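Here is entry-v9.cif, consisting of mmCIF, C-alpha atoms:
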```cif
data_coords
loop_
_atom_site.label_atom_id
_atom_site.label_comp_id
_atom_site.auth_asym_id
_atom_site.auth_seq_id
_atom_site.Cartn_x
_atom_site.Cartn_y
_atom_site.Cartn_z
CA MET A 1 17.67 10.04 -3.13
CA ALA A 2 14.87 7.48 -2.99
CA ALA A 3 12.06 8.12 -0.54
CA ALA A 4 11.63 6.13 2.67
CA PRO A 5 9.59 2.98 2.15
CA LYS A 6 5.92 2.79 2.98
CA PHE A 7 4.03 -0.33 3.89
CA ALA A 8 0.75 -2.06 3.11
CA LYS A 9 -1.20 -3.76 5.88
CA THR A 10 -0.60 -6.99 3.95
CA HIS A 11 3.16 -6.58 4.65
CA GLU A 12 4.50 -5.38 1.31
CA TRP A 13 6.84 -2.38 1.25
CA ILE A 14 7.05 0.13 -1.58
CA ARG A 15 9.66 2.80 -2.26
CA LEU A 16 9.34 5.56 -4.83
CA ASP A 17 12.62 5.76 -6.71
CA ASP A 18 14.28 8.74 -8.36
CA ASP A 19 13.26 7.55 -11.83
CA GLY A 20 9.57 7.69 -10.93
CA LEU A 21 9.24 3.93 -10.66
CA ALA A 22 8.31 2.22 -7.41
CA THR A 23 10.13 -0.80 -6.03
CA VAL A 24 8.05 -3.36 -4.13
CA GLY A 25 9.12 -6.06 -1.71
CA ILE A 26 7.98 -8.03 1.33
CA SER A 27 8.76 -6.81 4.84
CA ALA A 28 11.35 -8.56 6.97
CA TYR A 29 8.60 -9.44 9.45
CA ALA A 30 6.56 -11.23 6.79
CA VAL A 31 9.56 -13.07 5.38
CA GLU A 32 10.58 -14.27 8.82
CA ALA A 33 7.04 -15.43 9.61
CA LEU A 34 6.90 -17.52 6.44
CA THR A 35 10.19 -19.40 7.08
CA ASP A 36 11.76 -21.99 4.78
CA LEU A 37 10.72 -20.54 1.42
CA VAL A 38 10.57 -23.05 -1.43
CA PHE A 39 8.88 -21.41 -4.42
CA MET A 40 7.83 -18.04 -5.76
CA GLN A 41 5.75 -16.91 -8.70
CA LEU A 42 6.19 -13.34 -9.94
CA PRO A 43 3.82 -11.41 -12.22
CA ALA A 44 4.36 -10.91 -15.93
CA VAL A 45 6.10 -7.72 -17.02
CA GLY A 46 3.59 -5.40 -18.65
CA ARG A 47 0.68 -6.48 -16.46
CA THR A 48 -1.53 -3.69 -15.18
CA VAL A 49 -2.51 -4.10 -11.55
CA LYS A 50 -4.81 -2.38 -9.09
CA ALA A 51 -3.92 -1.55 -5.51
CA GLY A 52 -4.65 -4.56 -3.30
CA GLU A 53 -4.63 -7.02 -6.20
CA SER A 54 -2.60 -10.22 -5.87
CA ILE A 55 0.53 -9.96 -8.01
CA GLY A 56 2.24 -13.18 -7.05
CA GLU A 57 2.51 -16.07 -4.65
CA ILE A 58 5.17 -17.42 -2.40
CA GLU A 59 5.33 -20.89 -0.90
CA SER A 60 7.05 -21.94 2.28
CA VAL A 61 7.20 -25.47 3.65
CA LYS A 62 3.91 -24.88 5.47
CA ALA A 63 2.01 -22.25 3.54
CA VAL A 64 1.25 -20.50 0.30
CA SER A 65 0.75 -16.74 0.56
CA ASP A 66 -0.23 -14.12 -1.96
CA PHE A 67 1.49 -10.79 -2.14
CA TYR A 68 -0.34 -7.70 -3.27
CA ALA A 69 0.25 -4.52 -5.22
CA PRO A 70 0.50 -1.66 -2.69
CA VAL A 71 -0.56 0.81 -5.42
CA SER A 72 -2.07 0.62 -8.89
CA GLY A 73 0.21 0.66 -11.90
CA GLU A 74 2.07 -1.33 -14.50
CA VAL A 75 4.64 -4.00 -13.75
CA VAL A 76 7.75 -2.83 -15.61
CA GLU A 77 10.35 -5.19 -14.15
CA VAL A 78 10.54 -8.25 -11.92
CA ASN A 79 13.44 -9.59 -9.91
CA ALA A 80 13.82 -12.60 -12.18
CA ALA A 81 16.73 -14.03 -10.19
CA LEU A 82 14.75 -14.15 -6.97
CA PRO A 83 12.78 -17.41 -7.44
CA SER A 84 16.06 -19.32 -7.73
CA THR A 85 17.74 -17.42 -4.88
CA LEU A 86 14.94 -17.24 -2.32
CA GLU A 87 17.41 -16.97 0.52
CA THR A 88 17.99 -13.39 -0.66
CA LEU A 89 14.54 -12.47 0.64
CA GLY A 90 15.58 -13.27 4.18
CA GLN A 91 19.08 -11.83 3.88
CA ASP A 92 18.19 -8.48 2.30
CA PRO A 93 14.41 -7.98 2.12
CA TYR A 94 14.66 -4.22 1.53
CA GLY A 95 17.49 -4.41 -1.00
CA SER A 96 18.39 -7.26 -3.33
CA GLY A 97 15.28 -9.15 -2.20
CA TRP A 98 12.96 -6.75 -4.04
CA LEU A 99 10.12 -8.33 -6.02
CA VAL A 100 8.84 -6.01 -8.73
CA LYS A 101 9.11 -2.48 -10.04
CA LEU A 102 5.86 -0.69 -10.80
CA ARG A 103 5.11 2.43 -12.79
CA PRO A 104 2.52 3.93 -10.41
CA ALA A 105 -0.71 5.09 -11.98
CA ASP A 106 -1.14 7.71 -9.28
CA THR A 107 1.54 8.35 -6.67
CA ALA A 108 -1.13 9.89 -4.45
CA GLU A 109 -2.10 6.31 -3.56
CA LEU A 110 1.12 6.11 -1.55
CA ALA A 111 -0.39 8.49 0.98
CA ALA A 112 -2.86 5.80 2.05
CA LEU A 113 -0.05 3.44 3.06
CA LEU A 114 1.66 3.12 6.44
CA ASP A 115 4.93 4.84 7.33
CA GLN A 116 7.61 2.91 9.21
CA ALA A 117 6.29 3.83 12.67
CA ALA A 118 2.72 2.89 11.83
CA TYR A 119 3.86 -0.37 10.28
CA ASP A 120 5.96 -1.22 13.32
CA ALA A 121 2.88 -0.67 15.47
CA LEU A 122 0.87 -2.95 13.19
CA VAL A 123 3.47 -5.69 13.52
CA LYS A 124 3.42 -5.39 17.31
CA SER A 125 -0.34 -5.87 17.28
CA GLN A 126 -0.22 -9.04 15.17
CA PRO A 127 -1.23 -12.34 16.80
CA HIS A 128 1.79 -14.54 17.45
CA MET B 1 -26.44 -21.29 11.64
CA PRO B 2 -23.84 -21.51 14.40
CA SER B 3 -25.40 -20.52 17.71
CA ASP B 4 -22.33 -19.89 19.84
CA SER B 5 -20.79 -16.49 20.21
CA PRO B 6 -17.82 -15.97 17.87
CA THR B 7 -15.55 -15.69 20.86
CA THR B 8 -16.57 -18.94 22.57
CA GLY B 9 -17.47 -21.44 19.86
CA LEU B 10 -15.58 -23.54 17.36
CA VAL B 11 -18.13 -24.60 14.76
CA ALA B 12 -17.54 -27.75 12.74
CA TRP B 13 -19.38 -29.62 10.02
CA TRP B 14 -19.20 -33.24 8.93
CA ASP B 15 -19.64 -33.23 5.18
CA GLU B 16 -20.55 -36.07 2.87
CA PRO B 17 -17.86 -37.29 0.45
CA ALA B 18 -17.49 -35.13 -2.65
CA SER B 19 -15.27 -34.77 -5.70
CA GLY B 20 -11.92 -33.02 -5.56
CA PRO B 21 -13.10 -29.73 -7.15
CA GLU B 22 -16.21 -29.70 -4.92
CA ASN B 23 -14.15 -30.21 -1.78
CA MET B 24 -11.61 -27.53 -2.67
CA ALA B 25 -14.40 -25.13 -3.57
CA ALA B 26 -16.24 -25.82 -0.31
CA ASP B 27 -13.07 -25.02 1.62
CA GLU B 28 -12.62 -21.74 -0.18
CA VAL B 29 -16.23 -20.84 0.64
CA LEU B 30 -15.53 -21.93 4.23
CA ALA B 31 -12.75 -19.32 4.34
CA ALA B 32 -15.11 -16.62 3.07
CA GLU B 33 -17.65 -17.63 5.71
CA ALA B 34 -15.02 -17.50 8.46
CA VAL B 35 -14.29 -13.91 7.47
CA ARG B 36 -17.98 -13.02 7.24
CA LEU B 37 -18.78 -14.52 10.64
CA GLY B 38 -15.50 -13.45 12.28
CA ARG B 39 -14.81 -16.87 13.75
CA PRO B 40 -12.87 -20.07 13.01
CA LEU B 41 -14.80 -22.77 11.15
CA VAL B 42 -13.93 -26.42 10.54
CA ARG B 43 -15.05 -28.84 7.88
CA LEU B 44 -14.37 -32.59 8.12
CA TYR B 45 -14.94 -34.59 4.98
CA GLY B 46 -14.30 -37.55 2.73
CA TRP B 47 -13.91 -38.04 -1.01
CA ALA B 48 -16.39 -39.51 -3.47
CA THR B 49 -13.65 -41.61 -5.01
CA THR B 50 -9.97 -42.17 -4.30
CA THR B 51 -8.37 -38.89 -5.41
CA PHE B 52 -4.84 -37.54 -5.57
CA SER B 53 -4.45 -33.93 -4.46
CA LEU B 54 -1.42 -31.90 -5.42
CA GLY B 55 -0.05 -29.01 -3.39
CA ALA B 56 -0.51 -25.52 -4.84
CA PHE B 57 2.86 -25.45 -6.60
CA GLN B 58 3.74 -29.07 -7.16
CA ARG B 59 4.45 -29.96 -10.78
CA PHE B 60 1.60 -31.52 -12.72
CA ALA B 61 4.14 -33.51 -14.70
CA ASP B 62 5.44 -35.14 -11.53
CA ALA B 63 1.96 -36.43 -10.69
CA ALA B 64 1.33 -37.57 -14.25
CA ALA B 65 4.61 -39.47 -14.27
CA ALA B 66 4.03 -41.22 -10.95
CA GLU B 67 2.65 -44.65 -11.84
CA ALA B 68 1.26 -45.14 -8.34
CA VAL B 69 -1.27 -42.32 -8.79
CA ALA B 70 -1.34 -41.63 -12.54
CA THR B 71 -4.78 -43.19 -13.01
CA LEU B 72 -6.46 -41.44 -10.07
CA PRO B 73 -8.63 -38.34 -10.38
CA LEU B 74 -6.40 -35.36 -9.71
CA VAL B 75 -7.12 -32.05 -8.03
CA ARG B 76 -4.82 -29.19 -7.11
CA ARG B 77 -5.26 -27.67 -3.67
CA PRO B 78 -4.94 -23.95 -3.00
CA SER B 79 -2.77 -24.87 0.00
CA GLY B 80 0.87 -25.85 -0.08
CA GLY B 81 2.60 -29.08 0.84
CA GLY B 82 2.93 -32.44 -0.85
CA GLY B 83 0.62 -34.77 -2.73
CA ILE B 84 -1.95 -36.85 -0.85
CA VAL B 85 -3.95 -39.91 -1.84
CA HIS B 86 -7.38 -39.30 -0.32
CA GLY B 87 -9.89 -42.03 0.28
CA SER B 88 -8.79 -43.71 3.48
CA ASP B 89 -7.86 -40.51 5.28
CA LEU B 90 -9.84 -38.00 7.27
CA THR B 91 -9.43 -34.61 5.64
CA TYR B 92 -10.05 -31.42 7.54
CA ALA B 93 -10.14 -27.78 6.61
CA VAL B 94 -10.04 -25.03 9.19
CA ALA B 95 -10.59 -21.43 8.17
CA VAL B 96 -9.59 -18.62 10.50
CA PRO B 97 -9.94 -14.85 10.18
CA ARG B 98 -6.49 -13.25 10.01
CA GLU B 99 -7.11 -11.22 13.15
CA HIS B 100 -7.88 -14.36 15.20
CA PRO B 101 -5.04 -15.60 17.46
CA TRP B 102 -4.76 -18.65 15.17
CA GLY B 103 -4.31 -16.33 12.17
CA GLY B 104 -0.80 -15.18 13.12
CA GLU B 105 2.40 -17.00 12.27
CA PRO B 106 1.80 -20.21 10.29
CA GLN B 107 3.13 -22.56 12.95
CA VAL B 108 0.53 -21.43 15.49
CA LEU B 109 -2.48 -22.93 13.72
CA TYR B 110 -0.46 -25.92 12.58
CA ASP B 111 0.58 -26.71 16.15
CA ALA B 112 -2.91 -26.10 17.55
CA PHE B 113 -4.28 -29.02 15.53
CA HIS B 114 -1.27 -31.29 15.70
CA GLU B 115 -0.57 -30.94 19.43
CA ALA B 116 -4.19 -31.75 20.20
CA LEU B 117 -3.97 -34.97 18.20
CA VAL B 118 -0.75 -35.93 19.98
CA ALA B 119 -2.64 -35.56 23.24
CA GLU B 120 -5.69 -37.52 22.06
CA LEU B 121 -3.57 -40.35 20.69
CA GLY B 122 -1.68 -40.39 23.98
CA HIS B 123 -4.99 -41.00 25.74
CA ARG B 124 -5.41 -43.97 23.40
CA GLY B 125 -2.00 -45.42 24.16
CA VAL B 126 -0.16 -44.22 21.03
CA ALA B 127 3.15 -42.45 21.59
CA ALA B 128 2.64 -39.81 18.92
CA ARG B 129 4.95 -36.80 18.74
CA LEU B 130 5.70 -33.77 16.61
CA HIS B 131 8.60 -34.18 14.23
CA PRO B 132 11.40 -31.60 14.67
CA GLY B 133 11.78 -31.23 10.89
CA ARG B 134 14.51 -32.34 8.57
CA PRO B 135 17.52 -30.16 7.74
CA PRO B 136 17.08 -28.07 4.57
CA GLU B 137 19.50 -30.24 2.60
CA ALA B 138 17.02 -33.12 2.89
CA ASP B 139 15.22 -31.52 -0.08
CA ASP B 140 11.77 -32.67 0.94
CA GLU B 141 10.23 -30.57 -1.83
CA ALA B 142 11.49 -33.12 -4.35
CA ARG B 143 9.33 -35.81 -2.72
CA LEU B 144 5.92 -36.08 -4.37
CA PHE B 145 4.00 -37.44 -1.41
CA CYS B 146 3.19 -35.49 1.74
CA PHE B 147 3.65 -38.58 3.88
CA ASP B 148 7.22 -39.00 2.63
CA ARG B 149 8.10 -35.47 3.77
CA ARG B 150 8.93 -34.29 7.27
CA ALA B 151 8.39 -30.69 8.34
CA ARG B 152 8.58 -29.26 11.82
CA GLY B 153 5.38 -30.14 13.61
CA ASP B 154 4.32 -33.06 11.44
CA LEU B 155 2.71 -35.73 13.57
CA VAL B 156 4.58 -39.02 13.63
CA VAL B 157 3.98 -42.28 15.45
CA PRO B 158 6.29 -45.25 16.03
CA GLY B 159 6.42 -47.16 12.78
CA PRO B 160 8.45 -48.28 9.80
CA ALA B 161 10.49 -45.09 9.29
CA PRO B 162 13.43 -44.60 11.67
CA ASP B 163 12.45 -41.00 12.44
CA GLY B 164 8.79 -41.85 12.94
CA HIS B 165 5.89 -42.66 10.66
CA LYS B 166 3.92 -39.60 9.57
CA ILE B 167 0.16 -39.89 9.85
CA LEU B 168 -0.89 -36.21 9.91
CA GLY B 169 0.33 -33.38 7.74
CA SER B 170 -1.19 -29.95 7.23
CA ALA B 171 -0.54 -26.96 4.99
CA GLN B 172 -2.01 -23.52 4.57
CA ARG B 173 -3.24 -20.98 2.09
CA ARG B 174 -2.82 -17.54 3.62
CA LEU B 175 -5.45 -15.32 2.05
CA LYS B 176 -5.82 -11.60 2.53
CA ALA B 177 -8.49 -11.90 5.23
CA ALA B 178 -8.28 -15.55 6.30
CA VAL B 179 -6.00 -18.51 6.76
CA LEU B 180 -7.20 -21.79 5.26
CA GLN B 181 -5.44 -24.85 6.62
CA HIS B 182 -5.86 -28.26 5.06
CA GLY B 183 -4.83 -31.42 6.84
CA SER B 184 -4.98 -35.13 6.23
CA LEU B 185 -5.06 -37.74 8.99
CA LEU B 186 -4.13 -41.05 7.44
CA LEU B 187 -6.49 -43.61 8.97
CA ALA B 188 -5.48 -46.55 6.76
CA ALA B 189 -3.28 -47.22 3.76
CA PRO B 190 -5.14 -46.25 0.60
CA ARG B 191 -6.33 -49.22 -1.40
CA GLY B 192 -5.89 -49.71 -5.11
CA VAL B 193 -2.64 -47.79 -5.39
CA ALA B 194 0.91 -49.05 -5.72
CA GLN B 195 3.18 -49.44 -2.74
CA ALA B 196 4.87 -46.07 -3.26
CA ALA B 197 1.61 -44.30 -2.47
CA ALA B 198 0.20 -46.77 0.05
CA HIS B 199 1.53 -45.32 3.26
CA PRO B 200 0.28 -47.27 6.31
CA GLY B 201 -2.31 -45.46 8.36
CA LEU B 202 -3.16 -45.25 12.02
CA THR B 203 -5.43 -48.29 12.07
CA ASP B 204 -2.81 -50.37 10.26
CA LEU B 205 -0.30 -49.64 13.00
CA PHE B 206 -2.57 -49.22 16.04
CA PRO B 207 -5.90 -50.91 15.31
CA ALA B 208 -7.48 -50.06 18.65
CA ALA B 209 -6.61 -46.38 18.57
CA ALA B 210 -8.81 -45.36 15.69
CA ALA B 211 -11.36 -48.12 15.27
CA ASP B 212 -13.95 -45.38 14.97
CA GLY B 213 -12.47 -42.50 12.98
CA ARG B 214 -15.40 -40.25 13.70
CA ASP B 215 -15.04 -40.75 17.43
CA LEU B 216 -11.31 -40.00 17.20
CA ALA B 217 -11.90 -36.85 15.18
CA THR B 218 -14.58 -35.59 17.55
CA ALA B 219 -12.33 -36.09 20.57
CA TRP B 220 -9.43 -34.46 18.72
CA LEU B 221 -11.43 -31.38 17.75
CA ALA B 222 -12.74 -31.06 21.29
CA LEU B 223 -9.13 -30.85 22.48
CA VAL B 224 -8.28 -28.30 19.77
CA ALA B 225 -11.19 -26.16 20.91
CA GLY B 226 -10.53 -26.63 24.61
CA ALA B 227 -6.88 -25.61 24.35
CA ALA B 228 -8.03 -22.33 22.81
CA GLY B 229 -10.77 -21.77 25.36
CA LEU B 230 -13.48 -22.54 22.80
CA ARG B 231 -16.41 -24.93 22.94
CA LEU B 232 -16.78 -27.37 20.06
CA GLU B 233 -20.15 -27.24 18.34
CA PHE B 234 -21.04 -29.54 15.45
CA ALA B 235 -23.51 -27.89 13.10
CA PRO B 236 -26.41 -30.16 12.12
CA ALA B 237 -26.45 -29.58 8.36
CA HIS B 238 -23.71 -30.31 5.84
CA PHE B 239 -21.68 -27.23 5.04
CA ARG B 240 -21.94 -27.90 1.30
CA SER B 241 -25.72 -27.93 1.51
CA LEU B 242 -25.69 -24.40 2.91
CA HIS B 243 -23.80 -22.82 0.02
CA PRO B 244 -24.52 -24.84 -3.13
CA ALA B 245 -24.37 -22.00 -5.63
CA ALA B 246 -21.11 -20.49 -4.37
CA ILE B 247 -19.49 -23.91 -4.17
CA ALA B 248 -20.63 -24.93 -7.64
CA ALA B 249 -19.28 -21.71 -9.13
CA THR B 250 -15.95 -22.05 -7.35
CA ALA B 251 -15.66 -25.76 -8.23
CA GLU B 252 -15.51 -24.83 -11.91
CA ARG B 253 -12.24 -23.02 -11.26
CA PHE B 254 -10.75 -26.03 -9.46
CA ALA B 255 -11.84 -28.33 -12.29
CA ASP B 256 -10.28 -26.08 -14.93
CA PRO B 257 -7.27 -27.76 -16.59
CA ALA B 258 -5.47 -24.42 -16.49
CA TRP B 259 -5.55 -24.56 -12.67
CA LEU B 260 -4.56 -28.20 -12.61
CA ARG B 261 -1.62 -27.60 -14.94
CA ARG B 262 -0.56 -24.23 -13.57
CA ARG B 263 2.89 -25.64 -12.92
#
```

Please re-express this file's structure in structure tokens.
Amino acid sequence: MAAAPKFAKTHEWIRLDDDGLATVGISAYAVEALTDLVFMQLPAVGRTVKAGESIGEIESVKAVSDFYAPVSGEVVEVNAALPSTLETLGQDPYGSGWLVKLRPADTAELAALLDQAAYDALVKSQPH
Amino acid sequence: MPSDSPTTGLVAWWDEPASGPENMAADEVLAAEAVRLGRPLVRLYGWATTTFSLGAFQRFADAAAAEAVATLPLVRRPSGGGGIVHGSDLTYAVAVPREHPWGGEPQVLYDAFHEALVAELGHRGVAARLHPGRPPEADDEARLFCFDRRARGDLVVPGPAPDGHKILGSAQRRLKAAVLQHGSLLLAAPRGVAQAAAHPGLTDLFPAAAADGRDLATAWLALVAGAAGLRLEFAPAHFRSLHPAAIAATAERFADPAWLRRR
């Protein structure tokens, strides 16, 4: 069974799967804040990324935002259907709205991320 | 250097006209400075020559194919939104640390600037209002020009279009530590471009309201600051003169054809 997701302060979630890969997405809070998504750019498969590095961009009617790698690793798969079905992000951000799968360089980096309770507290503290 | 405390001052600079890459670079440096100083910063500026700016993900090919702007210098903004012909507009950039109250949901900063201009134009007898936004099926993203689009909070005035004539649009780049918002207040229709890109500006429709664009902008920013409990302070120097090396280095990236043609 896959582990519970953890969260970056920049609002990405990451879940370590049974196959050793990690699935990454954007939290429901972040998706809702962006509203009216119009375009997304995902990273290239095979790219090596460092924790905190921008791995893609998403545009809403008002804003362009980067999203970041929660941990270091290699991009092994992207949700290629997502840019043409952006509504999926809002409908199922923790499921079919996933962004990329990473092969983590060091799963110990996950320990530095927020658990659900800590992330919920972060969201409550955000300016509205 | 700004003298006010970070919690009480809104610092703004009037900058001399510059090229597209220089202006975009200055705004990115403005965002870094906002983070370093822990306070919102504003830059008001013009353009050295009439320039067409594309939103971060608009298609280069669409701009190249548009006869109305095909011969203009082109720059791609880091912020979103539609294309803008600069030259007879007042462009602003505001950079805000993410932890600032303006750094939260995108609409907050957008509304802070747009609502203040509605109020200032009201003082000048112009019935400006915020547009409620078009339904998603309107497919505004297919429209090349910002001033042909309508998003929630765009500032419109009575004019040729049945749902209001847009004279102010803004869009953001949400960075890891800062929010950079670009906006364009259309003061007059740009000259030297075809009708499709020559949207009438404020002075075309209401000559008395913006006879002095600098006076209007100063009053507008004072209202932005006041609504947030801040005091507006104009810095004496030009922002670009304070950071020439960083801006020159960053401008190279914005002048790179790879950035211009990224999509």

Neighbour list for Asp66 (chain A) as an MDAnalysis selection string, cut-off 12 Å, all atoms listed in the file, skip fewer than 3 positions in-chain: (chainID A and resid 10:12 26 30 34 39:43 52:60 63 69) or (chainID B and resid 56 78:80 172:179)

message: Which residues would end up in the selection if the PyMOL selection byres ((chain B) within 12 of (chain A)) were applied here, given that I need the answer as a ChimeraX atom specification?
response: /B:55-59,77-82,97-111,133-137,139-142,146,149-154,169-183,262-263

- request: To one decimal in Å, tell me the separation between CA of Pro132 (chain B) and CA of Thr203 (chain B).
  value: 23.8 Å

- request: Can you turn the PyMOL selection byres ((chain B and resi 32-46) around 7) into a concrete residue list for this file, as a PyMOL selection string?
  value: chain B and resi 6+10-18+28-31+47-48+87+90-97+177-178

message: Neighbouring residues of Ala189 (chain B) were defined as those with any atom within 9 Å, considering only C-alpha atoms; residues of the same chain fewer than 5 positions away were excluded. Please report them as a ChimeraX atom specification.
response: /B:88-89,197-204
